[in-house]
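Engineer: Take a look at model22.tsv, TSV, C-alpha atoms:
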chain	number	residue	atom	x	y	z
A	1	MET	CA	11.22	-22.63	-12.36
A	2	LYS	CA	9.47	-20.01	-10.28
A	3	ILE	CA	11.01	-17.00	-8.60
A	4	THR	CA	10.38	-16.93	-4.84
A	5	LEU	CA	12.11	-13.88	-3.41
A	6	LEU	CA	9.78	-13.75	-0.42
A	7	SER	CA	10.86	-17.17	0.79
A	8	SER	CA	14.33	-17.52	-0.71
A	9	LEU	CA	17.41	-16.84	1.40
A	10	ALA	CA	19.73	-16.25	-1.51
A	11	ALA	CA	19.90	-14.15	-4.66
A	12	LEU	CA	18.31	-15.79	-7.68
A	13	ALA	CA	19.27	-15.46	-11.33
A	14	LEU	CA	16.51	-17.11	-13.29
A	15	ALA	CA	16.91	-15.61	-16.72
A	16	GLY	CA	19.61	-14.47	-19.02
A	17	CYS	CA	20.08	-10.94	-20.25
A	18	GLY	CA	19.67	-11.11	-24.01
A	19	GLY	CA	17.27	-12.14	-26.73
A	20	SER	CA	16.48	-14.93	-29.14
A	21	SER	CA	16.23	-15.43	-32.89
A	22	GLY	CA	13.40	-16.20	-35.26
A	23	ASP	CA	11.23	-15.05	-38.14
A	24	GLN	CA	10.64	-11.60	-39.59
A	25	SER	CA	7.29	-9.99	-40.31
A	26	LYS	CA	6.26	-9.33	-43.89
A	27	GLU	CA	5.71	-5.71	-44.79
A	28	GLN	CA	2.14	-4.51	-44.33
A	29	ALA	CA	0.23	-1.39	-45.33
A	30	GLN	CA	0.90	1.82	-43.44
A	31	ILE	CA	-1.42	2.45	-40.48
A	32	ALA	CA	-3.03	5.86	-40.08
A	33	ASN	CA	-2.19	8.05	-37.09
A	34	VAL	CA	-4.60	8.12	-34.16
A	35	ALA	CA	-5.26	11.49	-32.52
A	36	ALA	CA	-4.30	11.84	-28.85
A	37	PRO	CA	-6.69	13.27	-26.22
A	38	ALA	CA	-7.04	17.04	-26.38
A	39	GLY	CA	-4.06	18.88	-24.89
A	40	LYS	CA	-1.90	15.76	-24.65
A	41	THR	CA	0.43	13.58	-26.62
A	42	TRP	CA	0.11	9.82	-26.36
A	43	SER	CA	3.41	9.81	-24.44
A	44	ASP	CA	1.55	11.63	-21.66
A	45	VAL	CA	-0.91	8.76	-21.26
A	46	VAL	CA	0.10	6.01	-18.81
A	47	THR	CA	-2.28	3.24	-17.80
A	48	PRO	CA	-1.78	0.37	-15.31
A	49	THR	CA	-2.78	-2.95	-16.87
A	50	GLU	CA	-4.56	-5.99	-15.50
A	51	ALA	CA	-1.48	-8.09	-16.31
A	52	GLY	CA	0.57	-6.08	-13.82
A	53	GLY	CA	2.31	-3.80	-16.29
A	54	MET	CA	2.35	-0.09	-17.10
A	55	LEU	CA	1.21	0.95	-20.57
A	56	LEU	CA	2.51	4.04	-22.34
A	57	GLY	CA	0.42	5.47	-25.16
A	58	ASN	CA	-2.88	4.67	-26.82
A	59	PRO	CA	-4.51	1.72	-24.97
A	60	ASP	CA	-6.34	0.88	-28.21
A	61	ALA	CA	-3.27	1.13	-30.46
A	62	PRO	CA	-3.40	-1.34	-33.36
A	63	ILE	CA	0.16	-2.44	-32.54
A	64	LYS	CA	0.57	-3.38	-28.89
A	65	VAL	CA	4.10	-4.05	-27.69
A	66	VAL	CA	4.80	-5.63	-24.31
A	67	GLU	CA	8.37	-5.51	-23.03
A	68	PHE	CA	9.62	-7.90	-20.35
A	69	ALA	CA	12.64	-6.23	-18.78
A	70	SER	CA	14.93	-6.51	-15.80
A	71	ILE	CA	16.35	-3.47	-14.04
A	72	THR	CA	19.67	-5.33	-13.66
A	73	CYS	CA	19.90	-6.38	-17.31
A	74	SER	CA	22.53	-4.43	-19.26
A	75	HIS	CA	20.80	-5.20	-22.57
A	76	CYS	CA	17.57	-3.72	-21.18
A	77	ALA	CA	19.42	-0.56	-20.16
A	78	ASP	CA	20.94	-0.36	-23.63
A	79	PHE	CA	17.51	-0.81	-25.22
A	80	SER	CA	16.09	1.97	-23.03
A	81	ALA	CA	18.89	4.37	-23.95
A	82	LYS	CA	18.64	3.71	-27.68
A	83	SER	CA	14.86	3.47	-28.05
A	84	SER	CA	13.31	5.96	-25.66
A	85	GLN	CA	13.17	9.17	-27.66
A	86	GLU	CA	12.56	7.70	-31.11
A	87	LEU	CA	10.01	5.17	-29.87
A	88	LYS	CA	7.93	7.88	-28.20
A	89	LYS	CA	8.31	10.52	-30.91
A	90	ASP	CA	7.79	8.42	-34.03
A	91	TYR	CA	5.70	5.47	-32.86
A	92	ILE	CA	3.88	5.99	-29.56
A	93	ASN	CA	2.88	9.60	-30.26
A	94	SER	CA	1.37	8.49	-33.57
A	95	GLY	CA	-1.19	6.46	-31.61
A	96	ARG	CA	-0.30	3.43	-33.73
A	97	VAL	CA	1.94	1.77	-31.14
A	98	SER	CA	1.65	1.32	-27.38
A	99	LEU	CA	4.35	0.03	-25.05
A	100	GLU	CA	3.52	-1.95	-21.93
A	101	MET	CA	6.36	-2.57	-19.51
A	102	ARG	CA	6.26	-5.72	-17.36
A	103	HIS	CA	9.03	-6.34	-14.88
A	104	PHE	CA	10.80	-9.68	-15.14
A	105	VAL	CA	12.70	-9.74	-11.85
A	106	ARG	CA	15.85	-11.84	-11.71
A	107	ASP	CA	17.42	-11.08	-8.32
A	108	PRO	CA	16.84	-9.15	-5.06
A	109	LEU	CA	18.42	-5.93	-6.35
A	110	ASP	CA	16.17	-6.03	-9.39
A	111	ALA	CA	13.06	-6.74	-7.32
A	112	THR	CA	13.80	-4.00	-4.79
A	113	ALA	CA	14.33	-1.33	-7.46
A	114	ALA	CA	11.35	-2.51	-9.51
A	115	ALA	CA	9.06	-2.32	-6.47
A	116	VAL	CA	10.06	1.30	-5.87
A	117	LEU	CA	9.34	2.13	-9.50
A	118	ARG	CA	5.90	0.54	-9.30
A	119	CYS	CA	5.12	2.47	-6.11
A	120	ALA	CA	5.84	5.81	-7.81
A	121	PRO	CA	2.92	7.91	-9.08
A	122	THR	CA	1.65	6.57	-12.40
A	123	GLU	CA	2.70	9.63	-14.39
A	124	ARG	CA	6.25	9.38	-13.03
A	125	TYR	CA	6.77	5.71	-13.77
A	126	PHE	CA	8.33	5.89	-17.24
A	127	PRO	CA	10.64	8.88	-16.59
A	128	LEU	CA	11.82	7.17	-13.38
A	129	LEU	CA	12.31	3.89	-15.23
A	130	GLU	CA	14.49	5.56	-17.86
A	131	SER	CA	16.50	7.36	-15.18
A	132	THR	CA	17.01	4.09	-13.30
A	133	PHE	CA	18.28	2.31	-16.39
A	134	ALA	CA	20.60	5.25	-17.09
A	135	GLY	CA	21.97	4.94	-13.55
A	136	GLN	CA	22.32	1.15	-13.62
A	137	ALA	CA	26.06	1.30	-12.89
A	138	ASP	CA	25.35	3.12	-9.62
A	139	LEU	CA	22.83	0.43	-8.62
A	140	PHE	CA	25.44	-2.26	-9.19
A	141	ALA	CA	28.11	-0.32	-7.33
A	142	GLY	CA	25.98	-0.01	-4.21
A	143	ALA	CA	25.20	-3.73	-4.13
A	144	GLN	CA	28.74	-4.85	-4.99
A	145	ALA	CA	30.21	-2.69	-2.22
A	146	ASN	CA	28.32	-4.58	0.49
A	147	PRO	CA	27.40	-8.13	-0.58
A	148	GLN	CA	27.49	-9.47	2.98
A	149	ALA	CA	24.79	-7.06	4.09
A	150	GLY	CA	22.65	-8.21	1.20
A	151	GLU	CA	23.02	-11.84	2.22
A	152	ALA	CA	22.11	-10.97	5.79
A	153	ALA	CA	19.07	-8.95	4.69
A	154	MET	CA	17.71	-11.89	2.70
A	155	GLN	CA	17.44	-13.85	5.95
A	156	LEU	CA	15.13	-11.29	7.55
A	157	ALA	CA	11.33	-11.42	7.59
A	158	PRO	CA	9.86	-10.27	4.25
A	159	ASP	CA	8.53	-6.98	5.64
A	160	LYS	CA	12.07	-6.06	6.77
A	161	ARG	CA	14.05	-7.71	4.00
A	162	PHE	CA	13.74	-5.20	1.19
A	163	THR	CA	13.90	-2.03	3.28
A	164	THR	CA	17.16	-3.37	4.69
A	165	LEU	CA	18.45	-4.19	1.22
A	166	ALA	CA	17.63	-0.67	0.08
A	167	THR	CA	19.63	0.85	2.93
A	168	SER	CA	22.53	-1.60	2.72
A	169	TRP	CA	22.89	-1.17	-1.03
A	170	LYS	CA	22.22	2.60	-0.99
A	171	LEU	CA	19.07	2.35	-3.08
A	172	ASP	CA	17.54	4.85	-0.68
A	173	GLU	CA	20.13	7.41	-1.77
A	174	PHE	CA	19.77	6.43	-5.43
A	175	PHE	CA	16.02	7.03	-5.44
A	176	LYS	CA	16.19	10.08	-3.16
A	177	ALA	CA	18.23	11.74	-5.92
A	178	ARG	CA	15.30	10.92	-8.23
A	179	GLY	CA	12.58	12.39	-6.02
A	180	ILE	CA	11.53	9.38	-3.91
A	181	THR	CA	11.56	10.19	-0.19
A	182	ALA	CA	12.77	7.80	2.51
A	183	ASP	CA	9.23	7.50	3.87
A	184	GLN	CA	7.85	6.64	0.43
A	185	LEU	CA	10.55	4.05	-0.15
A	186	ASN	CA	10.13	2.41	3.26
A	187	THR	CA	6.35	2.31	2.98
A	188	CYS	CA	6.65	0.68	-0.42
A	189	LEU	CA	9.25	-1.93	0.47
A	190	SER	CA	7.75	-2.93	3.82
A	191	ASN	CA	4.55	-3.97	2.01
A	192	VAL	CA	5.30	-7.51	0.86
A	193	ASP	CA	2.42	-7.37	-1.63
A	194	ASN	CA	4.53	-5.06	-3.78
A	195	ILE	CA	7.19	-7.75	-4.11
A	196	SER	CA	4.64	-10.54	-4.46
A	197	LYS	CA	3.03	-8.79	-7.43
A	198	LEU	CA	6.39	-8.64	-9.22
A	199	GLU	CA	6.93	-12.33	-8.56
A	200	LYS	CA	3.53	-13.13	-10.06
A	201	VAL	CA	4.21	-11.13	-13.22
A	202	THR	CA	7.60	-12.80	-13.64
A	203	ASN	CA	6.27	-16.30	-13.06
A	204	ALA	CA	3.34	-15.70	-15.41
A	205	ALA	CA	5.77	-14.59	-18.15
A	206	THR	CA	7.81	-17.75	-17.67
A	207	GLU	CA	4.82	-20.06	-17.65
A	208	GLU	CA	2.69	-18.48	-20.39
A	209	TYR	CA	5.30	-17.16	-22.82
A	210	LYS	CA	8.40	-19.18	-21.87
A	211	ILE	CA	10.40	-15.99	-21.38
A	212	SER	CA	14.01	-16.91	-20.73
A	213	GLY	CA	15.91	-13.71	-21.45
A	214	THR	CA	15.49	-9.96	-21.27
A	215	PRO	CA	14.50	-7.83	-22.98
A	216	SER	CA	11.81	-9.94	-24.61
A	217	PHE	CA	8.77	-8.62	-26.45
A	218	LEU	CA	5.22	-9.53	-27.29
A	219	ILE	CA	3.65	-7.89	-30.31
A	220	ASN	CA	-0.13	-8.10	-30.33
A	221	GLY	CA	-0.03	-10.95	-27.84
A	222	ARG	CA	2.57	-13.11	-29.58
A	223	LEU	CA	6.20	-13.55	-28.60
A	224	ALA	CA	8.31	-11.63	-31.12
A	225	GLU	CA	11.53	-13.43	-31.93
A	226	ASN	CA	14.72	-11.66	-32.94
A	227	THR	CA	13.77	-8.33	-31.35
A	228	ALA	CA	16.26	-7.94	-28.48
A	229	SER	CA	17.57	-4.60	-29.80
A	230	TRP	CA	15.80	-1.38	-30.71
A	231	GLU	CA	16.97	-1.63	-34.30
A	232	LEU	CA	15.35	-5.05	-34.71
A	233	LEU	CA	12.11	-4.07	-32.97
A	234	ARG	CA	11.92	-0.86	-35.00
A	235	ASP	CA	12.17	-2.87	-38.21
A	236	ARG	CA	9.28	-5.07	-37.05
A	237	LEU	CA	7.13	-2.04	-36.23
A	238	ARG	CA	7.86	-0.47	-39.61
A	239	ASN	CA	7.00	-3.69	-41.40
A	240	MET	CA	3.70	-3.80	-39.53
A	241	GLY	CA	2.73	-0.36	-40.85
A	242	ALA	CA	3.99	2.00	-38.13
A	243	ARG	CA	6.03	4.16	-40.47
Just give me the structure as structure tokens.

Structural biologist:
Amino acid sequence: MKITLLSSLAALALAGCGGSSGDQSKEQAQIANVAAPAGKTWSDVVTPTEAGGMLLGNPDAPIKVVEFASITCSHCADFSAKSSQELKKDYINSGRVSLEMRHFVRDPLDATAAAVLRCAPTERYFPLLESTFAGQADLFAGAQANPQAGEAAMQLAPDKRFTTLATSWKLDEFFKARGITADQLNTCLSNVDNISKLEKVTNAATEEYKISGTPSFLINGRLAENTASWELLRDRLRNMGAR
């Protein structure tokens, strides 16, 4: 099933919020650290990817992790809170692990917030993502306070739909508090290509990797089962030599 927020007139919930189960990696030899560019740590290096994601760390890291996440997924917010500091300090900054974030949008609130994140300057993307996950309850509160306005907004033309959602659900205030101006937000959300790109990434994840819940992870191009929490993913990374 494909997500079609540009043509749909109602909120969609295509995927669950949670992970799956499966095998465990066998322990491998420790991988050597890879030096970061002069004057930087690998956590300072952010690169847009051809697959529509944002990559944090060494683009040539021997262990490449891709996370499919939804802004409105509570498990994704929990993963962000638990993993962020340790993942960057002990794994990404070693140059042995990179993290690519790909948005898996599940509903209009998710898509609207994700589009604003992707419109932010590249170097601000990951700090803004972490702040958005940390403020997830405020996102929900804004949308839950005015569901009728959201339904009405979804009937508007695509170039008006998401700017209206942002105002009705107070996403404009949410992101203003995080340094995104009203002009930046409106310019971003009135460009339907920004929503279309998120749809394409989500649909590609469903079709190619059969993603059905978030967060889900690829490790070196393969779907990693039983890694829906930071503790489980960390064990996989350690077994693969990132320790």

Engineer: I need the residue nearest Leu109 of chain A from this list: A:Ala182, A:Ile195, A:Ala177, A:Ala81. Use all atoms listed in the file for the distance.

Structural biologist: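 Using all atoms listed in the file, Leu109 of chain A sits closest to A:Ile195.
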
Engineer: Could you check the closest approach to Gly221 of chain A for each of A:Ala77, A:Ile63, A:Cys188, A:Val116 and tell me which residue wins, using all atoms listed in the file?

Structural biologist: A:Ile63

Engineer: May I ask which of the residues A:Phe133, A:Phe175, A:Trp169, A:Trp42 is the closest one to Asp78 of chain A, counting all atoms listed in the file?

Structural biologist: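 With all atoms listed in the file as the atom set, the closest residue is A:Phe133.
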
Engineer: Which one of A:Thr202, A:Asn220, A:Thr112, A:Asn191 sits closest to Asp172 of chain A if you count all atoms listed in the file?

Structural biologist: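 Checking each of A:Thr202, A:Asn220, A:Thr112, A:Asn191 against Asp172 of chain A, counting all atoms listed in the file, the winner is A:Thr112.
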
Engineer: Any idea what the distance is between atom CA of Arg243 of chain A and atom CA of Glu231 of chain A?

Structural biologist: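 Pair atom CA of Arg243 of chain A / atom CA of Glu231 of chain A returns 13.8 Å.
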
Engineer: When you look at Lys82 of chain A with a cut-off of 12 Å (counting all atoms listed in the file), what residues show up, excluding the ones that are within fewer than 4 positions of it in the same chain? I need them as a ChimeraX atom specification.

Structural biologist: /A:75-78,86-88,130,133-134,228-234

Engineer: Using all atoms listed in the file for the distances, tell me which of A:Ile219, A:Val192, A:Leu165, A:Met101 is nearest to Pro147 of chain A.

Structural biologist: A:Leu165

Engineer: What is the atom CA of Ala204 of chain A-atom CA of Leu117 of chain A distance in Å, reported with one decimal?

Structural biologist: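 Result for atom CA of Ala204 of chain A versus atom CA of Leu117 of chain A: 19.7 Å, one decimal.
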
Engineer: Please report the interatomic distance between atom CA of Gln148 of chain A and atom CA of Thr187 of chain A in Å with one decimal.

Structural biologist: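 Straight-line distance from atom CA of Gln148 of chain A to atom CA of Thr187 of chain A works out to 24.2 Å.
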
Engineer: Hey, what's within 9 Å of Ala205 of chain A if we count only C-alpha atoms and toss same-chain stuff fewer than 4 positions away? As a list of chain:residue names, please?

Structural biologist: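 So, after excluding close chain neighbours, the residues are A:Phe68, A:Arg102, A:Phe104, A:Lys200, A:Val201, A:Tyr209, A:Lys210, A:Ile211, A:Ser212.
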
Engineer: Would you mind completing segment 70-82 of chain A to N, CA, C and O atoms and writing the output as a short mmCIF file (atom, residue, chain, number, x, y, z; two decimals), keeping the file's coordinate frame?

Structural biologist:
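So part31.cif came out as:
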data_model
loop_
_atom_site.label_atom_id
_atom_site.label_comp_id
_atom_site.auth_asym_id
_atom_site.auth_seq_id
_atom_site.Cartn_x
_atom_site.Cartn_y
_atom_site.Cartn_z
N SER A 70 14.34 -6.44 -17.13
CA SER A 70 14.93 -6.51 -15.80
C SER A 70 15.75 -5.25 -15.55
O SER A 70 16.54 -4.85 -16.42
N ILE A 71 15.59 -4.67 -14.38
CA ILE A 71 16.35 -3.47 -14.04
C ILE A 71 17.85 -3.75 -14.02
O ILE A 71 18.66 -2.87 -14.28
N THR A 72 18.25 -4.99 -13.73
CA THR A 72 19.67 -5.33 -13.66
C THR A 72 20.20 -5.96 -14.94
O THR A 72 21.29 -6.53 -14.93
N CYS A 73 19.46 -5.83 -16.02
CA CYS A 73 19.90 -6.38 -17.31
C CYS A 73 20.55 -5.26 -18.14
O CYS A 73 19.92 -4.25 -18.44
N SER A 74 21.81 -5.46 -18.50
CA SER A 74 22.53 -4.43 -19.26
C SER A 74 21.94 -4.24 -20.65
O SER A 74 21.91 -3.12 -21.19
N HIS A 75 21.43 -5.32 -21.25
CA HIS A 75 20.80 -5.20 -22.57
C HIS A 75 19.51 -4.39 -22.49
O HIS A 75 19.17 -3.65 -23.43
N CYS A 76 18.79 -4.51 -21.37
CA CYS A 76 17.57 -3.72 -21.18
C CYS A 76 17.91 -2.24 -21.03
O CYS A 76 17.21 -1.37 -21.56
N ALA A 77 18.99 -1.95 -20.30
CA ALA A 77 19.42 -0.56 -20.16
C ALA A 77 19.84 0.02 -21.51
O ALA A 77 19.54 1.18 -21.82
N ASP A 78 20.52 -0.80 -22.30
CA ASP A 78 20.94 -0.36 -23.63
C ASP A 78 19.72 -0.11 -24.52
O ASP A 78 19.66 0.89 -25.25
N PHE A 79 18.73 -1.01 -24.44
CA PHE A 79 17.51 -0.81 -25.22
C PHE A 79 16.81 0.48 -24.81
O PHE A 79 16.36 1.25 -25.67
N SER A 80 16.73 0.75 -23.52
CA SER A 80 16.09 1.97 -23.03
C SER A 80 16.80 3.21 -23.58
O SER A 80 16.15 4.15 -24.07
N ALA A 81 18.13 3.21 -23.50
CA ALA A 81 18.89 4.37 -23.95
C ALA A 81 18.72 4.63 -25.44
O ALA A 81 18.59 5.78 -25.87
N LYS A 82 18.70 3.55 -26.23
CA LYS A 82 18.64 3.71 -27.68
C LYS A 82 17.23 3.97 -28.20
O LYS A 82 17.05 4.63 -29.22
#
